[in-house]
file work_39.pdb (PDB, N, CA and C atoms and all ligand atoms)
ATOM      1  N   MET A 690      -3.103  19.381 -94.620  1.00  0.00           N
ATOM      2  CA  MET A 690      -4.163  19.155 -93.636  1.00  0.00           C
ATOM      3  C   MET A 690      -5.009  17.944 -94.034  1.00  0.00           C
ATOM      4  N   PHE A 691      -5.278  17.900 -95.332  1.00  0.00           N
ATOM      5  CA  PHE A 691      -6.074  16.778 -95.844  1.00  0.00           C
ATOM      6  C   PHE A 691      -5.334  15.458 -95.678  1.00  0.00           C
ATOM      7  N   THR A 692      -4.008  15.524 -95.933  1.00  0.00           N
ATOM      8  CA  THR A 692      -3.176  14.326 -95.842  1.00  0.00           C
ATOM      9  C   THR A 692      -3.120  13.815 -94.402  1.00  0.00           C
ATOM     10  N   VAL A 693      -3.046  14.750 -93.445  1.00  0.00           N
ATOM     11  CA  VAL A 693      -2.960  14.375 -92.031  1.00  0.00           C
ATOM     12  C   VAL A 693      -4.242  13.666 -91.597  1.00  0.00           C
ATOM     13  N   SER A 694      -5.403  14.268 -91.960  1.00  0.00           N
ATOM     14  CA  SER A 694      -6.667  13.669 -91.538  1.00  0.00           C
ATOM     15  C   SER A 694      -6.886  12.323 -92.226  1.00  0.00           C
ATOM     16  N   LEU A 695      -6.353  12.196 -93.439  1.00  0.00           N
ATOM     17  CA  LEU A 695      -6.492  10.927 -94.171  1.00  0.00           C
ATOM     18  C   LEU A 695      -5.689   9.818 -93.492  1.00  0.00           C
ATOM     19  N   SER A 696      -4.435  10.150 -93.117  1.00  0.00           N
ATOM     20  CA  SER A 696      -3.602   9.142 -92.466  1.00  0.00           C
ATOM     21  C   SER A 696      -4.128   8.824 -91.073  1.00  0.00           C
ATOM     22  N   LEU A 697      -4.721   9.830 -90.420  1.00  0.00           N
ATOM     23  CA  LEU A 697      -5.316   9.610 -89.104  1.00  0.00           C
ATOM     24  C   LEU A 697      -6.508   8.666 -89.229  1.00  0.00           C
ATOM     25  N   GLY A 698      -7.286   8.899 -90.284  1.00  0.00           N
ATOM     26  CA  GLY A 698      -8.434   8.022 -90.535  1.00  0.00           C
ATOM     27  C   GLY A 698      -7.980   6.608 -90.832  1.00  0.00           C
ATOM     28  N   ALA A 699      -6.904   6.492 -91.603  1.00  0.00           N
ATOM     29  CA  ALA A 699      -6.359   5.172 -91.934  1.00  0.00           C
ATOM     30  C   ALA A 699      -5.828   4.488 -90.691  1.00  0.00           C
ATOM     31  N   LEU A 700      -5.225   5.300 -89.816  1.00  0.00           N
ATOM     32  CA  LEU A 700      -4.681   4.762 -88.574  1.00  0.00           C
ATOM     33  C   LEU A 700      -5.814   4.235 -87.691  1.00  0.00           C
ATOM     34  N   ILE A 701      -6.887   5.032 -87.572  1.00  0.00           N
ATOM     35  CA  ILE A 701      -8.037   4.610 -86.763  1.00  0.00           C
ATOM     36  C   ILE A 701      -8.665   3.353 -87.370  1.00  0.00           C
ATOM     37  N   TYR A 702      -8.759   3.335 -88.706  1.00  0.00           N
ATOM     38  CA  TYR A 702      -9.323   2.183 -89.401  1.00  0.00           C
ATOM     39  C   TYR A 702      -8.492   0.927 -89.136  1.00  0.00           C
ATOM     40  N   THR A 703      -7.146   1.076 -89.242  1.00  0.00           N
ATOM     41  CA  THR A 703      -6.255  -0.061 -89.016  1.00  0.00           C
ATOM     42  C   THR A 703      -6.342  -0.543 -87.570  1.00  0.00           C
ATOM     43  N   LEU A 704      -6.395   0.427 -86.648  1.00  0.00           N
ATOM     44  CA  LEU A 704      -6.462   0.068 -85.228  1.00  0.00           C
ATOM     45  C   LEU A 704      -7.754  -0.670 -84.901  1.00  0.00           C
ATOM     46  N   SER A 705      -8.865  -0.186 -85.462  1.00  0.00           N
ATOM     47  CA  SER A 705     -10.147  -0.840 -85.181  1.00  0.00           C
ATOM     48  C   SER A 705     -10.200  -2.230 -85.824  1.00  0.00           C
ATOM     49  N   ALA A 706      -9.569  -2.364 -87.013  1.00  0.00           N
ATOM     50  CA  ALA A 706      -9.508  -3.675 -87.663  1.00  0.00           C
ATOM     51  C   ALA A 706      -8.672  -4.639 -86.825  1.00  0.00           C
ATOM     52  N   CYS A 707      -7.565  -4.128 -86.281  1.00  0.00           N
ATOM     53  CA  CYS A 707      -6.701  -4.953 -85.419  1.00  0.00           C
ATOM     54  C   CYS A 707      -7.452  -5.347 -84.155  1.00  0.00           C
ATOM     55  N   ALA A 708      -8.177  -4.409 -83.579  1.00  0.00           N
ATOM     56  CA  ALA A 708      -8.939  -4.694 -82.362  1.00  0.00           C
ATOM     57  C   ALA A 708     -10.007  -5.733 -82.636  1.00  0.00           C
ATOM     58  N   LEU A 709     -10.627  -5.645 -83.801  1.00  0.00           N
ATOM     59  CA  LEU A 709     -11.668  -6.606 -84.177  1.00  0.00           C
ATOM     60  C   LEU A 709     -11.075  -8.009 -84.329  1.00  0.00           C
ATOM     61  N   ILE A 710      -9.931  -8.094 -85.034  1.00  0.00           N
ATOM     62  CA  ILE A 710      -9.270  -9.379 -85.248  1.00  0.00           C
ATOM     63  C   ILE A 710      -8.805  -9.961 -83.915  1.00  0.00           C
ATOM     64  N   PHE A 711      -8.238  -9.102 -83.070  1.00  0.00           N
ATOM     65  CA  PHE A 711      -7.766  -9.532 -81.764  1.00  0.00           C
ATOM     66  C   PHE A 711      -8.926 -10.038 -80.904  1.00  0.00           C
ATOM     67  N   GLY A 712     -10.054  -9.309 -80.984  1.00  0.00           N
ATOM     68  CA  GLY A 712     -11.242  -9.701 -80.235  1.00  0.00           C
ATOM     69  C   GLY A 712     -11.785 -11.037 -80.702  1.00  0.00           C
ATOM     70  N   LEU A 713     -11.832 -11.224 -82.027  1.00  0.00           N
ATOM     71  CA  LEU A 713     -12.299 -12.490 -82.598  1.00  0.00           C
ATOM     72  C   LEU A 713     -11.369 -13.631 -82.221  1.00  0.00           C
ATOM     73  N   TRP A 714     -10.058 -13.340 -82.263  1.00  0.00           N
ATOM     74  CA  TRP A 714      -9.058 -14.351 -81.927  1.00  0.00           C
ATOM     75  C   TRP A 714      -9.228 -14.797 -80.481  1.00  0.00           C
ATOM     76  N   LEU A 715      -9.410 -13.800 -79.586  1.00  0.00           N
ATOM     77  CA  LEU A 715      -9.625 -14.112 -78.172  1.00  0.00           C
ATOM     78  C   LEU A 715     -10.888 -14.936 -77.989  1.00  0.00           C
ATOM     79  N   TYR A 716     -11.942 -14.562 -78.724  1.00  0.00           N
ATOM     80  CA  TYR A 716     -13.225 -15.241 -78.610  1.00  0.00           C
ATOM     81  C   TYR A 716     -13.111 -16.714 -79.035  1.00  0.00           C
ATOM     82  N   TYR A 717     -12.478 -16.943 -80.204  1.00  0.00           N
ATOM     83  CA  TYR A 717     -12.360 -18.305 -80.703  1.00  0.00           C
ATOM     84  C   TYR A 717     -11.412 -19.135 -79.854  1.00  0.00           C
ATOM     85  N   ASP A 718     -10.336 -18.483 -79.378  1.00  0.00           N
ATOM     86  CA  ASP A 718      -9.381 -19.182 -78.525  1.00  0.00           C
ATOM     87  C   ASP A 718     -10.063 -19.633 -77.244  1.00  0.00           C
ATOM     88  N   PHE A 719     -10.855 -18.760 -76.653  1.00  0.00           N
ATOM     89  CA  PHE A 719     -11.578 -19.060 -75.421  1.00  0.00           C
ATOM     90  C   PHE A 719     -12.600 -20.160 -75.665  1.00  0.00           C
ATOM     91  N   ARG A 720     -13.314 -20.051 -76.805  1.00  0.00           N
ATOM     92  CA  ARG A 720     -14.362 -21.016 -77.126  1.00  0.00           C
ATOM     93  C   ARG A 720     -13.766 -22.404 -77.373  1.00  0.00           C
ATOM     94  N   ASP A 721     -12.644 -22.446 -78.148  1.00  0.00           N
ATOM     95  CA  ASP A 721     -12.006 -23.725 -78.447  1.00  0.00           C
ATOM     96  C   ASP A 721     -11.455 -24.372 -77.182  1.00  0.00           C
ATOM     97  N   ARG A 722     -10.942 -23.543 -76.263  1.00  0.00           N
ATOM     98  CA  ARG A 722     -10.402 -24.083 -75.028  1.00  0.00           C
ATOM     99  C   ARG A 722     -11.522 -24.729 -74.207  1.00  0.00           C
ATOM    100  N   GLY A 723     -12.691 -24.084 -74.194  1.00  0.00           N
ATOM    101  CA  GLY A 723     -13.839 -24.635 -73.483  1.00  0.00           C
ATOM    102  C   GLY A 723     -14.290 -25.939 -74.096  1.00  0.00           C
ATOM    103  N   LEU A 724     -14.278 -25.973 -75.437  1.00  0.00           N
ATOM    104  CA  LEU A 724     -14.672 -27.176 -76.168  1.00  0.00           C
ATOM    105  C   LEU A 724     -13.705 -28.312 -75.872  1.00  0.00           C
ATOM    106  N   TYR A 725     -12.418 -27.979 -75.881  1.00  0.00           N
ATOM    107  CA  TYR A 725     -11.374 -28.975 -75.645  1.00  0.00           C
ATOM    108  C   TYR A 725     -11.487 -29.527 -74.227  1.00  0.00           C
ATOM    109  N   GLU A 726     -11.758 -28.637 -73.265  1.00  0.00           N
ATOM    110  CA  GLU A 726     -11.890 -29.061 -71.875  1.00  0.00           C
ATOM    111  C   GLU A 726     -13.074 -30.009 -71.710  1.00  0.00           C
ATOM    112  N   THR A 727     -14.171 -29.724 -72.409  1.00  0.00           N
ATOM    113  CA  THR A 727     -15.354 -30.575 -72.318  1.00  0.00           C
ATOM    114  C   THR A 727     -15.059 -31.953 -72.888  1.00  0.00           C
ATOM    115  N   GLN A 728     -14.334 -31.987 -74.015  1.00  0.00           N
ATOM    116  CA  GLN A 728     -14.016 -33.268 -74.633  1.00  0.00           C
ATOM    117  C   GLN A 728     -13.007 -34.039 -73.804  1.00  0.00           C
ATOM    118  N   ARG A 729     -12.094 -33.319 -73.171  1.00  0.00           N
ATOM    119  CA  ARG A 729     -11.071 -33.981 -72.389  1.00  0.00           C
ATOM    120  C   ARG A 729     -11.666 -34.613 -71.138  1.00  0.00           C
ATOM    121  N   ARG A 730     -12.756 -34.014 -70.643  1.00  0.00           N
ATOM    122  CA  ARG A 730     -13.370 -34.538 -69.434  1.00  0.00           C
ATOM    123  C   ARG A 730     -14.279 -35.727 -69.738  1.00  0.00           C
ATOM    124  N   ARG A 731     -14.385 -36.128 -71.013  1.00  0.00           N
ATOM    125  CA  ARG A 731     -15.201 -37.277 -71.370  1.00  0.00           C
ATOM    126  C   ARG A 731     -14.300 -38.463 -71.698  1.00  0.00           C
ATOM    127  N   THR A 732     -14.759 -39.632 -71.400  1.00  0.00           N
ATOM    128  CA  THR A 732     -14.000 -40.841 -71.657  1.00  0.00           C
ATOM    129  C   THR A 732     -14.620 -41.567 -72.839  1.00  0.00           C
ATOM    130  N   ILE A 733     -13.781 -42.035 -73.754  1.00  0.00           N
ATOM    131  CA  ILE A 733     -14.254 -42.738 -74.929  1.00  0.00           C
ATOM    132  C   ILE A 733     -14.316 -44.240 -74.629  1.00  0.00           C
ATOM    133  N   PHE A 734     -15.408 -44.842 -74.984  1.00  0.00           N
ATOM    134  CA  PHE A 734     -15.569 -46.281 -74.825  1.00  0.00           C
ATOM    135  C   PHE A 734     -15.741 -46.917 -76.202  1.00  0.00           C
ATOM    136  N   HIS A 735     -15.229 -48.125 -76.343  1.00  0.00           N
ATOM    137  CA  HIS A 735     -15.413 -48.873 -77.584  1.00  0.00           C
ATOM    138  C   HIS A 735     -16.018 -50.223 -77.238  1.00  0.00           C
ATOM    139  N   CYS A 736     -17.185 -50.500 -77.820  1.00  0.00           N
ATOM    140  CA  CYS A 736     -17.860 -51.759 -77.527  1.00  0.00           C
ATOM    141  C   CYS A 736     -17.181 -52.892 -78.281  1.00  0.00           C
ATOM    142  N   ILE A 737     -16.731 -53.897 -77.532  1.00  0.00           N
ATOM    143  CA  ILE A 737     -16.046 -55.020 -78.177  1.00  0.00           C
ATOM    144  C   ILE A 737     -17.039 -56.020 -78.747  1.00  0.00           C
ATOM    145  N   ARG A 738     -18.313 -55.843 -78.430  1.00  0.00           N
ATOM    146  CA  ARG A 738     -19.309 -56.780 -78.961  1.00  0.00           C
ATOM    147  C   ARG A 738     -19.908 -56.270 -80.276  1.00  0.00           C
ATOM    148  N   CYS A 739     -20.357 -54.987 -80.312  1.00  0.00           N
ATOM    149  CA  CYS A 739     -21.000 -54.490 -81.537  1.00  0.00           C
ATOM    150  C   CYS A 739     -20.200 -53.393 -82.228  1.00  0.00           C
ATOM    151  N   ASP A 740     -18.982 -53.112 -81.756  1.00  0.00           N
ATOM    152  CA  ASP A 740     -18.056 -52.193 -82.412  1.00  0.00           C
ATOM    153  C   ASP A 740     -18.524 -50.736 -82.390  1.00  0.00           C
ATOM    154  N   LYS A 741     -19.348 -50.350 -81.428  1.00  0.00           N
ATOM    155  CA  LYS A 741     -19.829 -48.968 -81.358  1.00  0.00           C
ATOM    156  C   LYS A 741     -18.903 -48.135 -80.478  1.00  0.00           C
ATOM    157  N   LEU A 742     -18.647 -46.890 -80.937  1.00  0.00           N
ATOM    158  CA  LEU A 742     -17.867 -45.950 -80.148  1.00  0.00           C
ATOM    159  C   LEU A 742     -18.821 -45.008 -79.431  1.00  0.00           C
ATOM    160  N   TYR A 743     -18.627 -44.833 -78.148  1.00  0.00           N
ATOM    161  CA  TYR A 743     -19.470 -43.906 -77.406  1.00  0.00           C
ATOM    162  C   TYR A 743     -18.649 -43.305 -76.272  1.00  0.00           C
ATOM    163  N   SER A 744     -19.162 -42.246 -75.690  1.00  0.00           N
ATOM    164  CA  SER A 744     -18.423 -41.571 -74.636  1.00  0.00           C
ATOM    165  C   SER A 744     -19.280 -41.427 -73.392  1.00  0.00           C
ATOM    166  N   ALA A 745     -18.599 -41.331 -72.268  1.00  0.00           N
ATOM    167  CA  ALA A 745     -19.276 -41.136 -70.998  1.00  0.00           C
ATOM    168  C   ALA A 745     -18.480 -40.125 -70.179  1.00  0.00           C
ATOM    169  N   ARG A 746     -19.024 -39.725 -69.081  1.00  0.00           N
ATOM    170  CA  ARG A 746     -18.327 -38.762 -68.231  1.00  0.00           C
ATOM    171  C   ARG A 746     -17.000 -39.328 -67.755  1.00  0.00           C
ATOM    172  N   ALA A 747     -15.988 -38.449 -67.664  1.00  0.00           N
ATOM    173  CA  ALA A 747     -14.671 -38.886 -67.221  1.00  0.00           C
ATOM    174  C   ALA A 747     -14.739 -39.398 -65.788  1.00  0.00           C
ATOM    175  N   GLY A 748     -13.886 -40.368 -65.500  1.00  0.00           N
ATOM    176  CA  GLY A 748     -13.864 -40.927 -64.156  1.00  0.00           C
ATOM    177  C   GLY A 748     -14.548 -42.270 -64.086  1.00  0.00           C
ATOM    178  N   THR A 749     -15.375 -42.583 -65.102  1.00  0.00           N
ATOM    179  CA  THR A 749     -16.041 -43.880 -65.118  1.00  0.00           C
ATOM    180  C   THR A 749     -15.125 -44.901 -65.772  1.00  0.00           C
ATOM    181  N   GLU A 750     -14.935 -46.012 -65.116  1.00  0.00           N
ATOM    182  CA  GLU A 750     -14.030 -47.041 -65.636  1.00  0.00           C
ATOM    183  C   GLU A 750     -14.760 -48.002 -66.563  1.00  0.00           C
ATOM    184  N   THR A 751     -16.009 -48.280 -66.276  1.00  0.00           N
ATOM    185  CA  THR A 751     -16.804 -49.149 -67.142  1.00  0.00           C
ATOM    186  C   THR A 751     -18.134 -48.458 -67.432  1.00  0.00           C
ATOM    187  N   CYS A 752     -18.649 -48.692 -68.651  1.00  0.00           N
ATOM    188  CA  CYS A 752     -19.916 -48.078 -69.035  1.00  0.00           C
ATOM    189  C   CYS A 752     -20.654 -49.015 -69.987  1.00  0.00           C
ATOM    190  N   PRO A 753     -21.943 -49.261 -69.747  1.00  0.00           N
ATOM    191  CA  PRO A 753     -22.674 -50.155 -70.650  1.00  0.00           C
ATOM    192  C   PRO A 753     -22.895 -49.518 -72.021  1.00  0.00           C
ATOM    193  N   CYS A 754     -22.797 -50.324 -73.063  1.00  0.00           N
ATOM    194  CA  CYS A 754     -22.980 -49.867 -74.432  1.00  0.00           C
ATOM    195  C   CYS A 754     -24.434 -49.438 -74.646  1.00  0.00           C
ATOM    196  N   PRO A 755     -24.670 -48.263 -75.261  1.00  0.00           N
ATOM    197  CA  PRO A 755     -26.048 -47.813 -75.478  1.00  0.00           C
ATOM    198  C   PRO A 755     -26.792 -48.645 -76.521  1.00  0.00           C
ATOM    199  N   ARG A 756     -26.056 -49.409 -77.347  1.00  0.00           N
ATOM    200  CA  ARG A 756     -26.703 -50.187 -78.400  1.00  0.00           C
ATOM    201  C   ARG A 756     -27.045 -51.604 -77.925  1.00  0.00           C
ATOM    202  N   CYS A 757     -26.073 -52.295 -77.306  1.00  0.00           N
ATOM    203  CA  CYS A 757     -26.315 -53.687 -76.955  1.00  0.00           C
ATOM    204  C   CYS A 757     -26.257 -53.937 -75.456  1.00  0.00           C
ATOM    205  N   GLY A 758     -25.846 -52.949 -74.665  1.00  0.00           N
ATOM    206  CA  GLY A 758     -25.862 -53.099 -73.223  1.00  0.00           C
ATOM    207  C   GLY A 758     -24.654 -53.813 -72.646  1.00  0.00           C
ATOM    208  N   PHE A 759     -23.692 -54.158 -73.501  1.00  0.00           N
ATOM    209  CA  PHE A 759     -22.495 -54.837 -73.019  1.00  0.00           C
ATOM    210  C   PHE A 759     -21.628 -53.858 -72.236  1.00  0.00           C
ATOM    211  N   ARG A 760     -21.174 -54.273 -71.058  1.00  0.00           N
ATOM    212  CA  ARG A 760     -20.378 -53.378 -70.214  1.00  0.00           C
ATOM    213  C   ARG A 760     -18.916 -53.396 -70.659  1.00  0.00           C
ATOM    214  N   ASN A 761     -18.455 -52.253 -71.163  1.00  0.00           N
ATOM    215  CA  ASN A 761     -17.092 -52.167 -71.685  1.00  0.00           C
ATOM    216  C   ASN A 761     -16.163 -51.433 -70.733  1.00  0.00           C
ATOM    217  N   GLU A 762     -14.889 -51.759 -70.843  1.00  0.00           N
ATOM    218  CA  GLU A 762     -13.872 -51.082 -70.058  1.00  0.00           C
ATOM    219  C   GLU A 762     -13.404 -49.836 -70.801  1.00  0.00           C
ATOM    220  N   ARG A 763     -12.891 -48.893 -70.060  1.00  0.00           N
ATOM    221  CA  ARG A 763     -12.403 -47.646 -70.624  1.00  0.00           C
ATOM    222  C   ARG A 763     -11.241 -47.906 -71.590  1.00  0.00           C
ATOM    223  N   LEU A 764     -11.194 -47.137 -72.686  1.00  0.00           N
ATOM    224  CA  LEU A 764     -10.111 -47.270 -73.656  1.00  0.00           C
ATOM    225  C   LEU A 764      -8.833 -46.702 -73.074  1.00  0.00           C
ATOM    226  N   GLN A 765      -7.739 -47.401 -73.266  1.00  0.00           N
ATOM    227  CA  GLN A 765      -6.444 -46.927 -72.797  1.00  0.00           C
ATOM    228  C   GLN A 765      -5.665 -46.375 -73.991  1.00  0.00           C
ATOM    229  N   PHE A 766      -5.215 -45.125 -73.884  1.00  0.00           N
ATOM    230  CA  PHE A 766      -4.437 -44.524 -74.971  1.00  0.00           C
ATOM    231  C   PHE A 766      -2.949 -44.540 -74.656  1.00  0.00           C
TER     232      PHE A 766
HETATM  233 ZN    ZN A 801     -22.381 -52.674 -77.991  1.00  0.00          ZN
END

call {"tool": "encode", "arguments": {"input": "work_39.pdb", "output": "structure tokens"}}
result
Amino acid sequence: MFTVSLSLGALIYTLSACALIFGLWLYYDFRDRGLYETQRRRTIFHCIRCDKLYSARAGTETCPCPRCGFRNERLQF
């Protein structure tokens, strides 16, 4: 009887640990996907005058540099 309740307790413990890990995994996966989507929707600009890297909202083809004001074209990857 003692052995049964012990293994049952171990089973519940293992299941709750698995549920916790699964929950954390889902949480981080969801969070990283949101982060990735936000970064993907931004366009990276490189200033050819003062060498500064900056980003702007996606869809913009040209954006003035925040440091020197030079209007740069979108980086092509
Ligand atoms: Zn600049």

call {"tool": "resolve_selection", "arguments": {"input": "work_39.pdb", "expression": "the PyMOL selection byres (((not hetatm)) within 8 of (chain A and resi 801))", "output": "count of residues only"}}
result
17

call {"tool": "resolve_selection", "arguments": {"input": "work_39.pdb", "expression": "the PyMOL selection byres (((chain A and resi 733) around 8) and not hetatm)", "output": "ChimeraX atom specification"}}
result
/A:730-732,734-736,742-747,762-765

call {"tool": "atom_distance", "arguments": {"input": "work_39.pdb", "atom1": "atom N of Thr703 in chain A", "atom2": "atom C of Leu715 in chain A"}}
result
19.9 Å

call {"tool": "select_by_dssp", "arguments": {"input": "work_39.pdb", "residues": "chain A", "states": "strand (DSSP E or B)", "output": "PyMOL selection string"}}
result
chain A and resi 731-735+742-746+751-753+760-763

call {"tool": "select_by_dssp", "arguments": {"input": "work_39.pdb", "residues": "chain A", "states": "helix (DSSP H, G or I)", "output": "count of residues only"}}
result
39

call {"tool": "axis_aligned_box", "arguments": {"input": "work_39.pdb", "around": "range 702-716 of chain A", "padding_each_side": "8 Å", "output": "lines of an AutoDock Vina configuration file"}}
result
center_x = -9.7
center_y = -6.7
center_z = -83.7
size_x = 23.0
size_y = 36.0
size_z = 27.4

call {"tool": "build_atoms", "arguments": {"input": "work_39.pdb", "residues": "range 725-745 of chain A", "atoms": "N, CA, C and O atoms", "output": "PDB file, keeping the file's coordinate frame"}}
result
ATOM      1  N   TYR A 725     -12.418 -27.979 -75.881  1.00  0.00           N
ATOM      2  CA  TYR A 725     -11.374 -28.975 -75.645  1.00  0.00           C
ATOM      3  C   TYR A 725     -11.487 -29.527 -74.227  1.00  0.00           C
ATOM      4  O   TYR A 725     -11.357 -30.717 -74.024  1.00  0.00           O
ATOM      5  N   GLU A 726     -11.758 -28.637 -73.265  1.00  0.00           N
ATOM      6  CA  GLU A 726     -11.890 -29.061 -71.875  1.00  0.00           C
ATOM      7  C   GLU A 726     -13.074 -30.009 -71.710  1.00  0.00           C
ATOM      8  O   GLU A 726     -12.987 -31.000 -70.994  1.00  0.00           O
ATOM      9  N   THR A 727     -14.171 -29.724 -72.409  1.00  0.00           N
ATOM     10  CA  THR A 727     -15.354 -30.575 -72.318  1.00  0.00           C
ATOM     11  C   THR A 727     -15.059 -31.953 -72.888  1.00  0.00           C
ATOM     12  O   THR A 727     -15.463 -32.966 -72.320  1.00  0.00           O
ATOM     13  N   GLN A 728     -14.334 -31.987 -74.015  1.00  0.00           N
ATOM     14  CA  GLN A 728     -14.016 -33.268 -74.633  1.00  0.00           C
ATOM     15  C   GLN A 728     -13.007 -34.039 -73.804  1.00  0.00           C
ATOM     16  O   GLN A 728     -13.065 -35.260 -73.737  1.00  0.00           O
ATOM     17  N   ARG A 729     -12.094 -33.319 -73.171  1.00  0.00           N
ATOM     18  CA  ARG A 729     -11.071 -33.981 -72.389  1.00  0.00           C
ATOM     19  C   ARG A 729     -11.666 -34.613 -71.138  1.00  0.00           C
ATOM     20  O   ARG A 729     -11.152 -35.589 -70.628  1.00  0.00           O
ATOM     21  N   ARG A 730     -12.756 -34.014 -70.643  1.00  0.00           N
ATOM     22  CA  ARG A 730     -13.370 -34.538 -69.434  1.00  0.00           C
ATOM     23  C   ARG A 730     -14.279 -35.727 -69.738  1.00  0.00           C
ATOM     24  O   ARG A 730     -14.907 -36.255 -68.853  1.00  0.00           O
ATOM     25  N   ARG A 731     -14.385 -36.128 -71.013  1.00  0.00           N
ATOM     26  CA  ARG A 731     -15.201 -37.277 -71.370  1.00  0.00           C
ATOM     27  C   ARG A 731     -14.300 -38.463 -71.698  1.00  0.00           C
ATOM     28  O   ARG A 731     -13.199 -38.284 -72.193  1.00  0.00           O
ATOM     29  N   THR A 732     -14.759 -39.632 -71.400  1.00  0.00           N
ATOM     30  CA  THR A 732     -14.000 -40.841 -71.657  1.00  0.00           C
ATOM     31  C   THR A 732     -14.620 -41.567 -72.839  1.00  0.00           C
ATOM     32  O   THR A 732     -15.843 -41.688 -72.922  1.00  0.00           O
ATOM     33  N   ILE A 733     -13.781 -42.035 -73.754  1.00  0.00           N
ATOM     34  CA  ILE A 733     -14.254 -42.738 -74.929  1.00  0.00           C
ATOM     35  C   ILE A 733     -14.316 -44.240 -74.629  1.00  0.00           C
ATOM     36  O   ILE A 733     -13.374 -44.809 -74.082  1.00  0.00           O
ATOM     37  N   PHE A 734     -15.408 -44.842 -74.984  1.00  0.00           N
ATOM     38  CA  PHE A 734     -15.569 -46.281 -74.825  1.00  0.00           C
ATOM     39  C   PHE A 734     -15.741 -46.917 -76.202  1.00  0.00           C
ATOM     40  O   PHE A 734     -16.325 -46.311 -77.100  1.00  0.00           O
ATOM     41  N   HIS A 735     -15.229 -48.125 -76.343  1.00  0.00           N
ATOM     42  CA  HIS A 735     -15.413 -48.873 -77.584  1.00  0.00           C
ATOM     43  C   HIS A 735     -16.018 -50.223 -77.238  1.00  0.00           C
ATOM     44  O   HIS A 735     -15.460 -50.988 -76.445  1.00  0.00           O
ATOM     45  N   CYS A 736     -17.185 -50.500 -77.820  1.00  0.00           N
ATOM     46  CA  CYS A 736     -17.860 -51.759 -77.527  1.00  0.00           C
ATOM     47  C   CYS A 736     -17.181 -52.892 -78.281  1.00  0.00           C
ATOM     48  O   CYS A 736     -17.050 -52.841 -79.504  1.00  0.00           O
ATOM     49  N   ILE A 737     -16.731 -53.897 -77.532  1.00  0.00           N
ATOM     50  CA  ILE A 737     -16.046 -55.020 -78.177  1.00  0.00           C
ATOM     51  C   ILE A 737     -17.039 -56.020 -78.747  1.00  0.00           C
ATOM     52  O   ILE A 737     -16.667 -56.913 -79.483  1.00  0.00           O
ATOM     53  N   ARG A 738     -18.313 -55.843 -78.430  1.00  0.00           N
ATOM     54  CA  ARG A 738     -19.309 -56.780 -78.961  1.00  0.00           C
ATOM     55  C   ARG A 738     -19.908 -56.270 -80.276  1.00  0.00           C
ATOM     56  O   ARG A 738     -19.965 -56.988 -81.255  1.00  0.00           O
ATOM     57  N   CYS A 739     -20.357 -54.987 -80.312  1.00  0.00           N
ATOM     58  CA  CYS A 739     -21.000 -54.490 -81.537  1.00  0.00           C
ATOM     59  C   CYS A 739     -20.200 -53.393 -82.228  1.00  0.00           C
ATOM     60  O   CYS A 739     -20.673 -52.789 -83.175  1.00  0.00           O
ATOM     61  N   ASP A 740     -18.982 -53.112 -81.756  1.00  0.00           N
ATOM     62  CA  ASP A 740     -18.056 -52.193 -82.412  1.00  0.00           C
ATOM     63  C   ASP A 740     -18.524 -50.736 -82.390  1.00  0.00           C
ATOM     64  O   ASP A 740     -18.150 -49.947 -83.242  1.00  0.00           O
ATOM     65  N   LYS A 741     -19.348 -50.350 -81.428  1.00  0.00           N
ATOM     66  CA  LYS A 741     -19.829 -48.968 -81.358  1.00  0.00           C
ATOM     67  C   LYS A 741     -18.903 -48.135 -80.478  1.00  0.00           C
ATOM     68  O   LYS A 741     -18.426 -48.600 -79.456  1.00  0.00           O
ATOM     69  N   LEU A 742     -18.647 -46.890 -80.937  1.00  0.00           N
ATOM     70  CA  LEU A 742     -17.867 -45.950 -80.148  1.00  0.00           C
ATOM     71  C   LEU A 742     -18.821 -45.008 -79.431  1.00  0.00           C
ATOM     72  O   LEU A 742     -19.726 -44.451 -80.046  1.00  0.00           O
ATOM     73  N   TYR A 743     -18.627 -44.833 -78.148  1.00  0.00           N
ATOM     74  CA  TYR A 743     -19.470 -43.906 -77.406  1.00  0.00           C
ATOM     75  C   TYR A 743     -18.649 -43.305 -76.272  1.00  0.00           C
ATOM     76  O   TYR A 743     -17.566 -43.784 -75.957  1.00  0.00           O
ATOM     77  N   SER A 744     -19.162 -42.246 -75.690  1.00  0.00           N
ATOM     78  CA  SER A 744     -18.423 -41.571 -74.636  1.00  0.00           C
ATOM     79  C   SER A 744     -19.280 -41.427 -73.392  1.00  0.00           C
ATOM     80  O   SER A 744     -20.505 -41.428 -73.458  1.00  0.00           O
ATOM     81  N   ALA A 745     -18.599 -41.331 -72.268  1.00  0.00           N
ATOM     82  CA  ALA A 745     -19.276 -41.136 -70.998  1.00  0.00           C
ATOM     83  C   ALA A 745     -18.480 -40.125 -70.179  1.00  0.00           C
ATOM     84  O   ALA A 745     -17.385 -39.730 -70.585  1.00  0.00           O
TER      85      ALA A 745
END
